[in-house]
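Below is one structure, written out as structure tokens; the observations come after it.
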Amino acid sequence: MATVLTLTGSASAPGSSRTARLVQHLGRDLAARGHRVRTLDVRTLPADALLSADTSHPDVADAVALVEKADALVVGTPVYKAAYSGVLKTFLDLLPQYALRGKPVLPLATGGSPAHVLAVDYALRPVLTSLGAEVTQGWFVLDRHITAADDGTVRLTPDADAGLAPVVDRFREVLAEPARLAVA
């Protein structure tokens with residue numbers, strides 16, 4: 001089974017971030033199917049180290065190592081002003097040029113307006129591809145379609161779930177292709 005890194009680029013605390021909740025929800029699903037899931041919430045990295053591109057900082061070095069060791073990634077971001085988050089951009093800029101070479105990556109975005117749906121394909125996909133990722137089809141989910149129950153589980157509206165399910169199924173199929181993961 002694959003080691004999957006769930007990477008969230010939300011500036012909000014995980015408990016209040018719908019993006020983090022969505023990515024954690026998918027991480028739990030992948031773990032239940034036997035994959036090893038690691039989590040990286042970029043907002044927890046020291047801001048001074050991120051902003052000064054200090055890759056020798058132990059926390060940043062550990063985060064980069066998580067990316068390096070992963071077979072695949074789920075990358076989630078809120079959409080701000082039609083693009084992925086600045087904190088995610090700052091972290092991705094610290095990665096070596098081909099840090100994602102051959103790794104399947106599922107890009108996800110959340111936002112408050114359907115006007116931002118293209119951010120996955122026109123903002124996030126190009127940067128992931130430039131890092132060498134094998135980017136699978138991504139998906140955008142409206143914030144209002146994600147709710148968290150008191151026990152921490154996530155519920156999606158039927159429309160959001162119907163759209164996201166085939167995208168996640170395809171990502172799982174890619175993870176099940178041993179030859180694909182051997183390249184990474």
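Lettering and numbering for the structure tokens are positional, with chains as A, B, ... in the shown order, residues counted from 1 in each chain, and ligands counted from 1 in the shown order.
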
- Item | stretch 4-109 of chain A: residues DSSP assigns to helix (DSSP H, G or I), reported as an NGL selection string | :A and (18-32 or 42-44 or 47-51 or 58-69 or 86-94)

- Task: For A:Ala119, list every protein, DNA or RNA residue within 12 Å, evaluated using only C-alpha atoms, and leave out those in the same chain fewer than 4 positions away; present the list as JSON, numbers by chain.
- Result: {"A": [76, 77, 78, 79, 80, 81, 82, 83, 84, 85, 107, 108, 109, 110, 111, 113, 114, 115, 123, 124, 125, 126, 127, 138, 139, 140, 141]}

Near stretch 65-75 of chain A, within 9 Å and counting only C-alpha atoms, which residues show up once chain neighbours fewer than 4 positions away are dropped, as a compact mmCIF listing (two decimals) with N, CA and C atoms, in the first residue's frame?
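Generated output (selection08.txt):
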```
# COMPACT_ATOMS: atom_id res chain seq x y z
N ALA A 2 0.31 2.32 -0.44
CA ALA A 2 1.04 3.57 -0.61
C ALA A 2 1.11 4.37 0.68
N THR A 3 2.16 5.18 0.78
CA THR A 3 2.24 6.20 1.81
C THR A 3 1.76 7.49 1.17
N VAL A 4 0.67 8.03 1.71
CA VAL A 4 0.04 9.22 1.16
C VAL A 4 0.20 10.37 2.15
N LEU A 5 0.70 11.48 1.66
CA LEU A 5 0.81 12.69 2.48
C LEU A 5 -0.38 13.57 2.17
N THR A 6 -1.15 13.90 3.21
CA THR A 6 -2.21 14.88 3.05
C THR A 6 -1.64 16.22 3.46
N LEU A 7 -1.61 17.13 2.52
CA LEU A 7 -0.98 18.44 2.69
C LEU A 7 -2.06 19.51 2.61
N THR A 8 -2.20 20.29 3.67
CA THR A 8 -3.21 21.35 3.65
C THR A 8 -2.54 22.71 3.70
N GLY A 9 -3.05 23.60 2.89
CA GLY A 9 -2.50 24.94 2.77
C GLY A 9 -3.44 26.01 3.28
N VAL A 23 -9.70 17.41 3.57
CA VAL A 23 -8.49 16.62 3.34
C VAL A 23 -8.36 15.52 4.40
N LEU A 26 -10.68 12.65 3.56
CA LEU A 26 -10.13 11.77 2.52
C LEU A 26 -8.97 10.94 3.07
N GLY A 27 -8.18 11.53 3.95
CA GLY A 27 -7.08 10.79 4.58
C GLY A 27 -7.59 9.62 5.40
N VAL A 37 -1.11 6.98 5.93
CA VAL A 37 -1.41 8.38 5.69
C VAL A 37 -0.65 9.24 6.70
N ARG A 38 0.08 10.20 6.18
CA ARG A 38 0.78 11.19 7.00
C ARG A 38 0.13 12.53 6.71
N THR A 39 0.18 13.43 7.67
CA THR A 39 -0.48 14.72 7.53
C THR A 39 0.51 15.85 7.71
N LEU A 40 0.40 16.85 6.87
CA LEU A 40 1.20 18.07 7.01
C LEU A 40 0.28 19.26 6.83
N VAL A 60 11.01 22.71 8.93
CA VAL A 60 10.88 22.79 7.47
C VAL A 60 11.56 21.59 6.83
N ALA A 61 12.74 21.23 7.32
CA ALA A 61 13.45 20.06 6.79
C ALA A 61 12.61 18.79 6.97
N LEU A 95 10.36 23.53 -1.99
CA LEU A 95 10.66 22.16 -2.43
C LEU A 95 11.67 22.17 -3.57
N ALA A 99 10.60 17.74 -6.78
CA ALA A 99 10.26 17.05 -5.53
C ALA A 99 9.07 16.10 -5.67
N LEU A 100 8.21 16.35 -6.64
CA LEU A 100 7.01 15.51 -6.81
C LEU A 100 7.12 14.61 -8.03
N GLY A 102 6.93 12.04 -10.59
CA GLY A 102 6.28 10.74 -10.67
C GLY A 102 5.27 10.44 -9.59
N LYS A 103 5.06 11.35 -8.66
CA LYS A 103 4.12 11.09 -7.57
C LYS A 103 2.69 11.47 -7.99
N PRO A 104 1.75 10.57 -7.80
CA PRO A 104 0.36 10.95 -8.04
C PRO A 104 -0.07 12.00 -7.01
N VAL A 105 -0.72 13.05 -7.49
CA VAL A 105 -1.18 14.12 -6.61
C VAL A 105 -2.64 14.42 -6.93
N LEU A 106 -3.46 14.42 -5.89
CA LEU A 106 -4.87 14.79 -6.01
C LEU A 106 -5.02 16.22 -5.48
N PRO A 107 -5.27 17.20 -6.36
CA PRO A 107 -5.46 18.57 -5.91
C PRO A 107 -6.93 18.83 -5.55
N LEU A 108 -7.13 19.46 -4.40
CA LEU A 108 -8.47 19.82 -3.95
C LEU A 108 -8.48 21.28 -3.55
N ALA A 109 -9.58 21.93 -3.79
CA ALA A 109 -9.72 23.33 -3.39
C ALA A 109 -11.11 23.54 -2.82
N ALA A 133 4.84 16.40 -10.56
CA ALA A 133 3.72 15.56 -10.12
C ALA A 133 2.95 14.97 -11.29
N LEU A 175 -3.41 4.78 -7.05
CA LEU A 175 -2.64 4.25 -5.91
C LEU A 175 -2.54 2.74 -5.96
N LEU A 181 3.51 3.61 -8.73
CA LEU A 181 4.17 4.03 -7.51
C LEU A 181 5.65 3.70 -7.51
N ALA A 182 6.05 2.68 -8.26
CA ALA A 182 7.46 2.30 -8.31
C ALA A 182 8.30 3.39 -8.99
N ALA A 184 7.85 6.63 -8.61
CA ALA A 184 7.99 7.78 -7.69
C ALA A 184 9.23 7.71 -6.85
```

Within 8 Å of stretch 47-51 of chain A, which residues of stretch 66-169 of chain A show up? Give each one with its shortest atom-to-atom distance in Å (one decimal) and the two atoms involved, counting only C-alpha atoms, rows by chain then rising residue number, as JSON lines.
```
{"residue": "A:Thr90", "atom": "CA", "partner": "A:Leu50", "partner_atom": "CA", "distance": 6.5}
{"residue": "A:Phe91", "atom": "CA", "partner": "A:Leu50", "partner_atom": "CA", "distance": 6.6}
{"residue": "A:Leu94", "atom": "CA", "partner": "A:Leu50", "partner_atom": "CA", "distance": 7.8}
```

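Distance check against A:Asp161 using only C-alpha atoms: of A:Leu45, A:Val174, A:Leu142, A:Ala149, the minimum falls on A:Leu142.
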
- Query: Hey, can you check how far atom CA of A:Thr19 sits from atom CA of A:Arg172?
  - Reply: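 Taking atom CA of A:Thr19 as the start and atom CA of A:Arg172 as the end point, the length is 19.7 Å.
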
- Query: In Å to one decimal, how far is atom CA of A:Gly132 from atom CA of A:Tyr98?
  - Reply: 5.1 Å

- Among A:Arg101, A:Arg170, A:Arg18, A:His57, A:Thr136 is approached most closely, using only C-alpha atoms, by A:Arg170

- Query: Could you pull the residues within 12 Å of A:Thr157, counting only C-alpha atoms, minus those fewer than 4 positions along the same chain, as a ChimeraX atom specification?
  - Reply: /A:141-148,161-165

- Task: Compare A:Val154, A:Val135, A:Val42, A:Val117 by their minimum atom-to-atom distance to A:Leu92, counting only C-alpha atoms, and give me the closest one.
- Result: A:Val42
